[in-house]
Structure formats: structure tokens, C-alpha cells
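Shown here: protein-v8.txt, compact mmCIF, N, CA and C atoms.
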# COMPACT_ATOMS: atom_id res chain seq x y z
N MET T 1 173.33 -154.55 167.12
CA MET T 1 174.54 -154.40 167.88
C MET T 1 174.44 -153.15 168.73
N ALA T 2 174.62 -153.28 169.98
CA ALA T 2 174.47 -152.16 170.91
C ALA T 2 175.76 -151.36 170.97
N SER T 3 175.62 -150.08 171.12
CA SER T 3 176.79 -149.20 171.18
C SER T 3 177.22 -149.02 172.63
N ASP T 4 178.54 -148.93 172.84
CA ASP T 4 179.06 -148.72 174.19
C ASP T 4 179.05 -147.25 174.58
N LYS T 5 178.77 -146.36 173.65
CA LYS T 5 178.77 -144.92 173.95
C LYS T 5 177.50 -144.56 174.72
N PRO T 6 177.65 -143.67 175.70
CA PRO T 6 176.44 -143.25 176.41
C PRO T 6 175.56 -142.42 175.49
N SER T 7 174.32 -142.48 175.72
CA SER T 7 173.37 -141.72 174.92
C SER T 7 173.58 -140.23 175.19
N PRO T 8 173.49 -139.38 174.16
CA PRO T 8 173.64 -137.94 174.40
C PRO T 8 172.58 -137.42 175.35
N PHE T 9 171.48 -138.09 175.41
CA PHE T 9 170.41 -137.64 176.30
C PHE T 9 170.79 -137.86 177.76
N VAL T 10 171.53 -138.91 178.05
CA VAL T 10 171.99 -139.17 179.41
C VAL T 10 172.98 -138.08 179.83
N ALA T 11 173.89 -137.72 178.92
CA ALA T 11 174.85 -136.67 179.22
C ALA T 11 174.15 -135.35 179.48
N ASP T 12 173.12 -135.07 178.70
CA ASP T 12 172.35 -133.83 178.92
C ASP T 12 171.69 -133.84 180.29
N GLU T 13 171.18 -135.00 180.68
CA GLU T 13 170.53 -135.10 181.98
C GLU T 13 171.54 -134.91 183.11
N LEU T 14 172.73 -135.50 182.95
CA LEU T 14 173.76 -135.33 183.97
C LEU T 14 174.20 -133.87 184.07
N PHE T 15 174.38 -133.22 182.93
CA PHE T 15 174.79 -131.82 182.95
C PHE T 15 173.68 -130.94 183.52
N ALA T 16 172.45 -131.25 183.20
CA ALA T 16 171.33 -130.46 183.71
C ALA T 16 171.25 -130.57 185.23
N SER T 17 171.54 -131.73 185.76
CA SER T 17 171.46 -131.88 187.22
C SER T 17 172.63 -131.18 187.92
N SER T 18 173.75 -131.04 187.24
CA SER T 18 174.90 -130.39 187.87
C SER T 18 175.05 -128.92 187.45
N ARG T 19 174.13 -128.41 186.67
CA ARG T 19 174.21 -127.02 186.19
C ARG T 19 174.32 -125.99 187.32
N PRO T 20 173.54 -126.07 188.39
CA PRO T 20 173.69 -125.07 189.47
C PRO T 20 175.09 -125.07 190.07
N LEU T 21 175.67 -126.24 190.25
CA LEU T 21 177.03 -126.32 190.79
C LEU T 21 178.04 -125.73 189.83
N VAL T 22 177.89 -126.01 188.55
CA VAL T 22 178.80 -125.46 187.54
C VAL T 22 178.67 -123.94 187.50
N ASN T 23 177.46 -123.43 187.54
CA ASN T 23 177.25 -121.98 187.53
C ASN T 23 177.88 -121.32 188.75
N LEU T 24 177.72 -121.93 189.92
CA LEU T 24 178.32 -121.38 191.13
C LEU T 24 179.85 -121.39 191.03
N TRP T 25 180.42 -122.48 190.56
CA TRP T 25 181.86 -122.57 190.42
C TRP T 25 182.37 -121.55 189.40
N PHE T 26 181.67 -121.42 188.28
CA PHE T 26 182.09 -120.51 187.23
C PHE T 26 182.05 -119.06 187.71
N LYS T 27 181.02 -118.71 188.46
CA LYS T 27 180.91 -117.33 188.97
C LYS T 27 182.09 -117.01 189.89
N HIS T 28 182.38 -117.90 190.81
CA HIS T 28 183.47 -117.63 191.76
C HIS T 28 184.85 -117.81 191.14
N CYS T 29 184.94 -118.57 190.08
CA CYS T 29 186.20 -118.75 189.38
C CYS T 29 186.63 -117.45 188.71
N LEU T 30 185.68 -116.69 188.19
CA LEU T 30 186.00 -115.46 187.46
C LEU T 30 186.08 -114.22 188.36
N ASP T 31 185.68 -114.33 189.61
CA ASP T 31 185.73 -113.17 190.51
C ASP T 31 187.11 -112.55 190.63
N PRO T 32 188.18 -113.32 190.82
CA PRO T 32 189.51 -112.69 190.93
C PRO T 32 189.97 -112.01 189.64
N ALA T 33 189.48 -112.45 188.50
CA ALA T 33 189.92 -111.87 187.23
C ALA T 33 189.22 -110.56 186.91
N ALA T 34 188.09 -110.30 187.52
CA ALA T 34 187.30 -109.11 187.17
C ALA T 34 188.06 -107.80 187.38
N PRO T 35 188.76 -107.57 188.49
CA PRO T 35 189.48 -106.30 188.63
C PRO T 35 190.55 -106.09 187.54
N MET T 36 191.25 -107.15 187.20
CA MET T 36 192.27 -107.01 186.15
C MET T 36 191.63 -106.72 184.80
N LEU T 37 190.49 -107.34 184.55
CA LEU T 37 189.79 -107.07 183.30
C LEU T 37 189.30 -105.64 183.23
N ARG T 38 188.82 -105.12 184.37
CA ARG T 38 188.36 -103.72 184.39
C ARG T 38 189.54 -102.76 184.20
N MET T 39 190.69 -103.09 184.78
CA MET T 39 191.88 -102.24 184.59
C MET T 39 192.34 -102.29 183.13
N GLN T 40 192.29 -103.47 182.54
CA GLN T 40 192.67 -103.58 181.14
C GLN T 40 191.69 -102.82 180.26
N LEU T 41 190.41 -102.85 180.60
CA LEU T 41 189.42 -102.08 179.85
C LEU T 41 189.69 -100.59 179.96
N ALA T 42 190.05 -100.11 181.15
CA ALA T 42 190.39 -98.70 181.33
C ALA T 42 191.61 -98.33 180.48
N TRP T 43 192.60 -99.21 180.45
CA TRP T 43 193.79 -98.96 179.64
C TRP T 43 193.43 -98.92 178.16
N LEU T 44 192.60 -99.86 177.71
CA LEU T 44 192.21 -99.88 176.30
C LEU T 44 191.37 -98.66 175.93
N GLU T 45 190.54 -98.18 176.84
CA GLU T 45 189.78 -96.95 176.57
C GLU T 45 190.73 -95.77 176.42
N SER T 46 191.77 -95.73 177.23
CA SER T 46 192.75 -94.65 177.13
C SER T 46 193.53 -94.74 175.82
N VAL T 47 193.88 -95.93 175.42
CA VAL T 47 194.57 -96.11 174.14
C VAL T 47 193.66 -95.69 172.99
N ASN T 48 192.39 -96.03 173.10
CA ASN T 48 191.42 -95.63 172.08
C ASN T 48 191.34 -94.11 171.99
N ASP T 49 191.32 -93.43 173.13
CA ASP T 49 191.29 -91.96 173.13
C ASP T 49 192.54 -91.40 172.47
N ALA T 50 193.70 -91.97 172.79
CA ALA T 50 194.95 -91.48 172.21
C ALA T 50 194.96 -91.65 170.69
N ILE T 51 194.47 -92.78 170.23
CA ILE T 51 194.41 -93.01 168.78
C ILE T 51 193.45 -92.04 168.13
N GLN T 52 192.34 -91.76 168.80
CA GLN T 52 191.37 -90.80 168.26
C GLN T 52 191.99 -89.40 168.18
N PHE T 53 192.73 -88.99 169.20
CA PHE T 53 193.39 -87.68 169.17
C PHE T 53 194.38 -87.59 168.02
N GLU T 54 195.15 -88.65 167.84
CA GLU T 54 196.13 -88.65 166.75
C GLU T 54 195.43 -88.63 165.39
N ALA T 55 194.33 -89.35 165.28
CA ALA T 55 193.58 -89.36 164.01
C ALA T 55 193.02 -87.97 163.70
N GLU T 56 192.55 -87.27 164.72
CA GLU T 56 192.05 -85.91 164.51
C GLU T 56 193.17 -84.97 164.07
N PHE T 57 194.36 -85.13 164.66
CA PHE T 57 195.50 -84.31 164.26
C PHE T 57 195.90 -84.60 162.83
N LEU T 58 195.96 -85.89 162.48
CA LEU T 58 196.32 -86.25 161.11
C LEU T 58 195.28 -85.78 160.11
N THR T 59 194.02 -85.77 160.50
CA THR T 59 192.96 -85.25 159.63
C THR T 59 193.15 -83.76 159.40
N ALA T 60 193.49 -83.03 160.45
CA ALA T 60 193.74 -81.59 160.32
C ALA T 60 194.95 -81.35 159.42
N CYS T 61 195.99 -82.16 159.56
CA CYS T 61 197.18 -82.02 158.70
C CYS T 61 196.83 -82.32 157.24
N ALA T 62 196.01 -83.32 157.01
CA ALA T 62 195.62 -83.67 155.65
C ALA T 62 194.77 -82.56 155.02
N ASP T 63 193.86 -82.00 155.80
CA ASP T 63 193.03 -80.90 155.29
C ASP T 63 193.90 -79.70 154.93
N THR T 64 194.84 -79.39 155.80
CA THR T 64 195.74 -78.27 155.55
C THR T 64 196.60 -78.53 154.32
N SER T 65 197.07 -79.75 154.19
CA SER T 65 197.88 -80.11 153.04
C SER T 65 197.08 -79.96 151.74
N GLY T 66 195.81 -80.35 151.76
CA GLY T 66 194.96 -80.19 150.59
C GLY T 66 194.75 -78.73 150.22
N LYS T 67 194.54 -77.90 151.24
CA LYS T 67 194.36 -76.46 150.98
C LYS T 67 195.65 -75.84 150.42
N LEU T 68 196.77 -76.27 150.97
CA LEU T 68 198.05 -75.76 150.49
C LEU T 68 198.32 -76.22 149.06
N ALA T 69 197.96 -77.44 148.75
CA ALA T 69 198.13 -77.95 147.39
C ALA T 69 197.26 -77.16 146.41
N ASN T 70 196.04 -76.82 146.84
CA ASN T 70 195.17 -76.00 145.99
C ASN T 70 195.80 -74.63 145.73
N CYS T 71 196.40 -74.06 146.75
CA CYS T 71 197.06 -72.76 146.56
C CYS T 71 198.24 -72.89 145.58
N LEU T 72 199.00 -73.96 145.71
CA LEU T 72 200.19 -74.11 144.88
C LEU T 72 199.86 -74.51 143.44
N THR T 73 198.68 -75.05 143.22
CA THR T 73 198.30 -75.41 141.85
C THR T 73 197.51 -74.30 141.16
N ASN T 74 197.20 -73.26 141.89
CA ASN T 74 196.47 -72.12 141.31
C ASN T 74 197.48 -71.13 140.74
N PRO T 75 197.48 -70.93 139.42
CA PRO T 75 198.48 -70.01 138.82
C PRO T 75 198.35 -68.58 139.34
N ALA T 76 197.13 -68.14 139.64
CA ALA T 76 196.95 -66.77 140.15
C ALA T 76 197.62 -66.60 141.51
N THR T 77 197.53 -67.60 142.36
CA THR T 77 198.16 -67.54 143.68
C THR T 77 199.67 -67.55 143.56
N LEU T 78 200.19 -68.34 142.62
CA LEU T 78 201.63 -68.42 142.45
C LEU T 78 202.23 -67.11 141.94
N GLN T 79 201.44 -66.34 141.21
CA GLN T 79 201.94 -65.07 140.67
C GLN T 79 201.80 -63.92 141.66
N ASN T 80 201.02 -64.12 142.71
CA ASN T 80 200.81 -63.06 143.70
C ASN T 80 201.48 -63.47 145.01
N PRO T 81 202.60 -62.84 145.36
CA PRO T 81 203.32 -63.23 146.59
C PRO T 81 202.49 -63.00 147.85
N THR T 82 201.61 -62.01 147.86
CA THR T 82 200.78 -61.74 149.04
C THR T 82 199.81 -62.89 149.28
N GLN T 83 199.15 -63.35 148.21
CA GLN T 83 198.22 -64.47 148.36
C GLN T 83 198.95 -65.76 148.75
N LEU T 84 200.11 -65.96 148.16
CA LEU T 84 200.89 -67.16 148.50
C LEU T 84 201.33 -67.12 149.96
N SER T 85 201.73 -65.95 150.42
CA SER T 85 202.13 -65.79 151.82
C SER T 85 200.94 -66.04 152.75
N GLU T 86 199.76 -65.53 152.37
CA GLU T 86 198.56 -65.76 153.18
C GLU T 86 198.20 -67.24 153.23
N CYS T 87 198.36 -67.90 152.10
CA CYS T 87 198.07 -69.34 152.04
C CYS T 87 199.00 -70.11 152.96
N TYR T 88 200.29 -69.79 152.92
CA TYR T 88 201.25 -70.44 153.81
C TYR T 88 200.94 -70.13 155.27
N GLN T 89 200.60 -68.88 155.54
CA GLN T 89 200.32 -68.47 156.92
C GLN T 89 199.09 -69.19 157.46
N GLN T 90 198.05 -69.34 156.62
CA GLN T 90 196.85 -70.07 157.06
C GLN T 90 197.19 -71.53 157.33
N ALA T 91 198.03 -72.11 156.49
CA ALA T 91 198.42 -73.51 156.69
C ALA T 91 199.19 -73.67 158.00
N VAL T 92 200.12 -72.76 158.24
CA VAL T 92 200.91 -72.82 159.47
C VAL T 92 200.00 -72.63 160.68
N ASP T 93 199.07 -71.69 160.60
CA ASP T 93 198.15 -71.45 161.72
C ASP T 93 197.28 -72.67 162.01
N GLN T 94 196.77 -73.30 160.95
CA GLN T 94 195.91 -74.47 161.15
C GLN T 94 196.68 -75.63 161.76
N VAL T 95 197.88 -75.87 161.28
CA VAL T 95 198.67 -76.97 161.84
C VAL T 95 199.09 -76.64 163.27
N THR T 96 199.44 -75.39 163.53
CA THR T 96 199.83 -74.98 164.88
C THR T 96 198.66 -75.15 165.85
N ASN T 97 197.47 -74.72 165.44
CA ASN T 97 196.29 -74.87 166.30
C ASN T 97 195.97 -76.35 166.55
N ALA T 98 196.08 -77.15 165.51
CA ALA T 98 195.82 -78.58 165.67
C ALA T 98 196.85 -79.21 166.61
N HIS T 99 198.09 -78.80 166.48
CA HIS T 99 199.14 -79.35 167.35
C HIS T 99 198.96 -78.89 168.80
N MET T 100 198.57 -77.64 168.99
CA MET T 100 198.35 -77.16 170.36
C MET T 100 197.16 -77.89 171.00
N THR T 101 196.13 -78.15 170.21
CA THR T 101 195.00 -78.94 170.71
C THR T 101 195.47 -80.34 171.08
N ARG T 102 196.33 -80.88 170.24
CA ARG T 102 196.89 -82.22 170.48
C ARG T 102 197.70 -82.24 171.77
N LEU T 103 198.54 -81.23 171.99
CA LEU T 103 199.34 -81.17 173.21
C LEU T 103 198.48 -80.98 174.45
N THR T 104 197.45 -80.17 174.33
CA THR T 104 196.54 -79.96 175.46
C THR T 104 195.86 -81.27 175.84
N ARG T 105 195.40 -81.98 174.84
CA ARG T 105 194.76 -83.27 175.11
C ARG T 105 195.75 -84.27 175.67
N ALA T 106 196.99 -84.20 175.23
CA ALA T 106 198.00 -85.14 175.74
C ALA T 106 198.26 -84.90 177.22
N THR T 107 198.26 -83.65 177.65
CA THR T 107 198.46 -83.37 179.07
C THR T 107 197.25 -83.81 179.89
N GLU T 108 196.05 -83.65 179.33
CA GLU T 108 194.85 -84.10 180.03
C GLU T 108 194.76 -85.62 180.02
N PHE T 109 195.30 -86.24 178.99
CA PHE T 109 195.23 -87.68 178.83
C PHE T 109 195.86 -88.42 180.01
N SER T 110 197.00 -87.95 180.45
CA SER T 110 197.70 -88.58 181.56
C SER T 110 196.84 -88.54 182.83
N ARG T 111 196.24 -87.40 183.09
CA ARG T 111 195.39 -87.25 184.27
C ARG T 111 194.15 -88.15 184.16
N GLU T 112 193.52 -88.17 183.00
CA GLU T 112 192.34 -89.00 182.80
C GLU T 112 192.66 -90.48 182.95
N PHE T 113 193.82 -90.88 182.45
CA PHE T 113 194.22 -92.28 182.57
C PHE T 113 194.41 -92.66 184.04
N ARG T 114 195.07 -91.81 184.80
CA ARG T 114 195.25 -92.09 186.22
C ARG T 114 193.91 -92.16 186.94
N GLU T 115 192.98 -91.25 186.59
CA GLU T 115 191.65 -91.28 187.22
C GLU T 115 190.93 -92.58 186.88
N ARG T 116 191.01 -93.02 185.64
CA ARG T 116 190.36 -94.28 185.26
C ARG T 116 190.93 -95.46 186.04
N LEU T 117 192.26 -95.47 186.19
CA LEU T 117 192.87 -96.57 186.93
C LEU T 117 192.47 -96.54 188.39
N TRP T 118 192.46 -95.35 189.00
CA TRP T 118 192.08 -95.26 190.41
C TRP T 118 190.63 -95.63 190.63
N GLU T 119 189.78 -95.32 189.65
CA GLU T 119 188.38 -95.73 189.78
C GLU T 119 188.26 -97.25 189.81
N GLU T 120 189.11 -97.93 189.04
CA GLU T 120 189.05 -99.38 188.99
C GLU T 120 189.72 -100.03 190.20
N ILE T 121 190.71 -99.35 190.75
CA ILE T 121 191.40 -99.92 191.92
C ILE T 121 190.50 -99.76 193.13
C-alpha cells encoding of this file:
Amino acid sequence: MASDKPSPFVADELFASSRPLVNLWFKHCLDPAAPMLRMQLAWLESVNDAIQFEAEFLTACADTSGKLANCLTNPATLQNPTQLSECYQQAVDQVTNAHMTRLTRATEFSREFRERLWEEI
């Protein structure tokens, strides 16, 4: 009993003969989308940078929190107000420096994002 379905080999031959036309159509079909894709890539790179900056700040806060916890669990530090004050001051300084770095990067971030977009436009 013969099958009414075309042989897969015939379909392969038909596709092989039309492959140059399909490739040409596919190339020109995606041309208008390329600028938008590049702009979206620039935006995603900027978002990635922002997330990295925030992760660095949170890492600095976690490190400072760990150091402060060590100071507060040390009985010798708790009995000496000078050492406890120094521990608090170091924690405040570290968080302040991390936050100032974060703010500096945030101000640069806006400029870098605009530059990335203009490069793509």
C-alpha cells in the first residue's frame, strides 16, 4: 500500500533548492529589529551594572555587620567603652564609604547609560 505522504527526502531537496532565497529573506527580515535589539542589550548591560553595584554595597554592609557582631559578642570589647566606640566608628566609616562609592557610581551610571544609548542610536 503506497503512502500519500511525500517522502522526507523530497522535502529536503525542495528546501535545499530554496535555501538561498530563505537565507536572503531571513537576513533582510531581521534588519529592522537589529537596532532595537542593540538598544535593549545596552539597557540590559546598564541594569547588570546597577545590580552589580548594589551587590557590592550589600556585600560591604554584610561584612561590616559581621565585624560589628564580632565586637558585640566579645566580652572584652563590651567591657571597654573605648573599644566598643572604635568598633562602632569603624562600622559607620565602612558603611559610609561603601554608600559614598555607591552614590558616585549612581551618578556615573546615568551618564554611562546615555552614552551607551547614543552609541546604539
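Going from CA of Arg38 in chain T over to atom C of Thr107 in chain T, you cover 22.3 Å.
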Please identify all polymer residues within 8 Å of Ala91 in chain T, counting all atoms listed in the file, omitting same-chain residues fewer than 5 positions from it, and present them as a short mmCIF file (atom, residue, chain, number, x, y, z; two decimals) with N, CA and C atoms, keeping the file's coordinate frame.
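Result file follows (around_20.cif):
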data_model
loop_
_atom_site.label_atom_id
_atom_site.label_comp_id
_atom_site.auth_asym_id
_atom_site.auth_seq_id
_atom_site.Cartn_x
_atom_site.Cartn_y
_atom_site.Cartn_z
N ASP T 63 193.86 -82.00 155.80
CA ASP T 63 193.03 -80.90 155.29
C ASP T 63 193.90 -79.70 154.93
N THR T 64 194.84 -79.39 155.80
CA THR T 64 195.74 -78.27 155.55
C THR T 64 196.60 -78.53 154.32
N SER T 65 197.07 -79.75 154.19
CA SER T 65 197.88 -80.11 153.04
C SER T 65 197.08 -79.96 151.74
N LYS T 67 194.54 -77.90 151.24
CA LYS T 67 194.36 -76.46 150.98
C LYS T 67 195.65 -75.84 150.42
N LEU T 68 196.77 -76.27 150.97
CA LEU T 68 198.05 -75.76 150.49
C LEU T 68 198.32 -76.22 149.06
N SER T 85 201.73 -65.95 150.42
CA SER T 85 202.13 -65.79 151.82
C SER T 85 200.94 -66.04 152.75
N GLU T 86 199.76 -65.53 152.37
CA GLU T 86 198.56 -65.76 153.18
C GLU T 86 198.20 -67.24 153.23
N THR T 96 199.44 -75.39 163.53
CA THR T 96 199.83 -74.98 164.88
C THR T 96 198.66 -75.15 165.85
N ASN T 97 197.47 -74.72 165.44
CA ASN T 97 196.29 -74.87 166.30
C ASN T 97 195.97 -76.35 166.55
#
Please provide as a PyMOL selection string all residues within 12 Å of Leu78 in chain T, with the sequence filter that same-chain residues fewer than 5 positions apart are discarded (counting only C-alpha atoms). chain T and resi 68-73+83-88
Dump N, CA and C atoms for the selected residues as a PDB file, in the frame of the given file?
ATOM      1  N   LEU T  68     196.770 -76.270 150.970  1.00  0.00           N
ATOM      2  CA  LEU T  68     198.050 -75.760 150.490  1.00  0.00           C
ATOM      3  C   LEU T  68     198.320 -76.220 149.060  1.00  0.00           C
ATOM      4  N   ALA T  69     197.960 -77.440 148.750  1.00  0.00           N
ATOM      5  CA  ALA T  69     198.130 -77.950 147.390  1.00  0.00           C
ATOM      6  C   ALA T  69     197.260 -77.160 146.410  1.00  0.00           C
ATOM      7  N   ASN T  70     196.040 -76.820 146.840  1.00  0.00           N
ATOM      8  CA  ASN T  70     195.170 -76.000 145.990  1.00  0.00           C
ATOM      9  C   ASN T  70     195.800 -74.630 145.730  1.00  0.00           C
ATOM     10  N   CYS T  71     196.400 -74.060 146.750  1.00  0.00           N
ATOM     11  CA  CYS T  71     197.060 -72.760 146.560  1.00  0.00           C
ATOM     12  C   CYS T  71     198.240 -72.890 145.580  1.00  0.00           C
ATOM     13  N   LEU T  72     199.000 -73.960 145.710  1.00  0.00           N
ATOM     14  CA  LEU T  72     200.190 -74.110 144.880  1.00  0.00           C
ATOM     15  C   LEU T  72     199.860 -74.510 143.440  1.00  0.00           C
ATOM     16  N   THR T  73     198.680 -75.050 143.220  1.00  0.00           N
ATOM     17  CA  THR T  73     198.300 -75.410 141.850  1.00  0.00           C
ATOM     18  C   THR T  73     197.510 -74.300 141.160  1.00  0.00           C
ATOM     19  N   GLN T  83     199.150 -63.350 148.210  1.00  0.00           N
ATOM     20  CA  GLN T  83     198.220 -64.470 148.360  1.00  0.00           C
ATOM     21  C   GLN T  83     198.950 -65.760 148.750  1.00  0.00           C
ATOM     22  N   LEU T  84     200.110 -65.960 148.160  1.00  0.00           N
ATOM     23  CA  LEU T  84     200.890 -67.160 148.500  1.00  0.00           C
ATOM     24  C   LEU T  84     201.330 -67.120 149.960  1.00  0.00           C
ATOM     25  N   SER T  85     201.730 -65.950 150.420  1.00  0.00           N
ATOM     26  CA  SER T  85     202.130 -65.790 151.820  1.00  0.00           C
ATOM     27  C   SER T  85     200.940 -66.040 152.750  1.00  0.00           C
ATOM     28  N   GLU T  86     199.760 -65.530 152.370  1.00  0.00           N
ATOM     29  CA  GLU T  86     198.560 -65.760 153.180  1.00  0.00           C
ATOM     30  C   GLU T  86     198.200 -67.240 153.230  1.00  0.00           C
ATOM     31  N   CYS T  87     198.360 -67.900 152.100  1.00  0.00           N
ATOM     32  CA  CYS T  87     198.070 -69.340 152.040  1.00  0.00           C
ATOM     33  C   CYS T  87     199.000 -70.110 152.960  1.00  0.00           C
ATOM     34  N   TYR T  88     200.290 -69.790 152.920  1.00  0.00           N
ATOM     35  CA  TYR T  88     201.250 -70.440 153.810  1.00  0.00           C
ATOM     36  C   TYR T  88     200.940 -70.130 155.270  1.00  0.00           C
TER      37      TYR T  88
END
Using all atoms listed in the file, which protein or nucleic acid residues come within 6.5 Å of Ala42 in chain T? Drop anything in the same chain fewer than 5 positions from it, and give the result as a PyMOL selection string. chain T and resi 37+47+116-117
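In this model, the gap between atom N of Glu112 in chain T and CA of Met39 in chain T comes to 14.3 Å.
Atom to atom, CA of Val92 in chain T and CA of Ser110 in chain T stand 27.3 Å apart.
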Applying 8 Å and all atoms listed in the file, which residues near Phe109 in chain T remain after dropping the ones on its own chain fewer than 5 positions away? List them as a PyMOL selection string. chain T and resi 46+49-50+103-104+114-115
Could you turn the residues from that selection into a file that holds N, CA and C atoms, as a PDB file, in the frame of the given file?
ATOM      1  N   SER T  46     191.770 -95.730 177.230  1.00  0.00           N
ATOM      2  CA  SER T  46     192.750 -94.650 177.130  1.00  0.00           C
ATOM      3  C   SER T  46     193.530 -94.740 175.820  1.00  0.00           C
ATOM      4  N   ASP T  49     191.320 -93.430 173.130  1.00  0.00           N
ATOM      5  CA  ASP T  49     191.290 -91.960 173.130  1.00  0.00           C
ATOM      6  C   ASP T  49     192.540 -91.400 172.470  1.00  0.00           C
ATOM      7  N   ALA T  50     193.700 -91.970 172.790  1.00  0.00           N
ATOM      8  CA  ALA T  50     194.950 -91.480 172.210  1.00  0.00           C
ATOM      9  C   ALA T  50     194.960 -91.650 170.690  1.00  0.00           C
ATOM     10  N   LEU T 103     198.540 -81.230 171.990  1.00  0.00           N
ATOM     11  CA  LEU T 103     199.340 -81.170 173.210  1.00  0.00           C
ATOM     12  C   LEU T 103     198.480 -80.980 174.450  1.00  0.00           C
ATOM     13  N   THR T 104     197.450 -80.170 174.330  1.00  0.00           N
ATOM     14  CA  THR T 104     196.540 -79.960 175.460  1.00  0.00           C
ATOM     15  C   THR T 104     195.860 -81.270 175.840  1.00  0.00           C
ATOM     16  N   ARG T 114     195.070 -91.810 184.800  1.00  0.00           N
ATOM     17  CA  ARG T 114     195.250 -92.090 186.220  1.00  0.00           C
ATOM     18  C   ARG T 114     193.910 -92.160 186.940  1.00  0.00           C
ATOM     19  N   GLU T 115     192.980 -91.250 186.590  1.00  0.00           N
ATOM     20  CA  GLU T 115     191.650 -91.280 187.220  1.00  0.00           C
ATOM     21  C   GLU T 115     190.930 -92.580 186.880  1.00  0.00           C
TER      22      GLU T 115
END
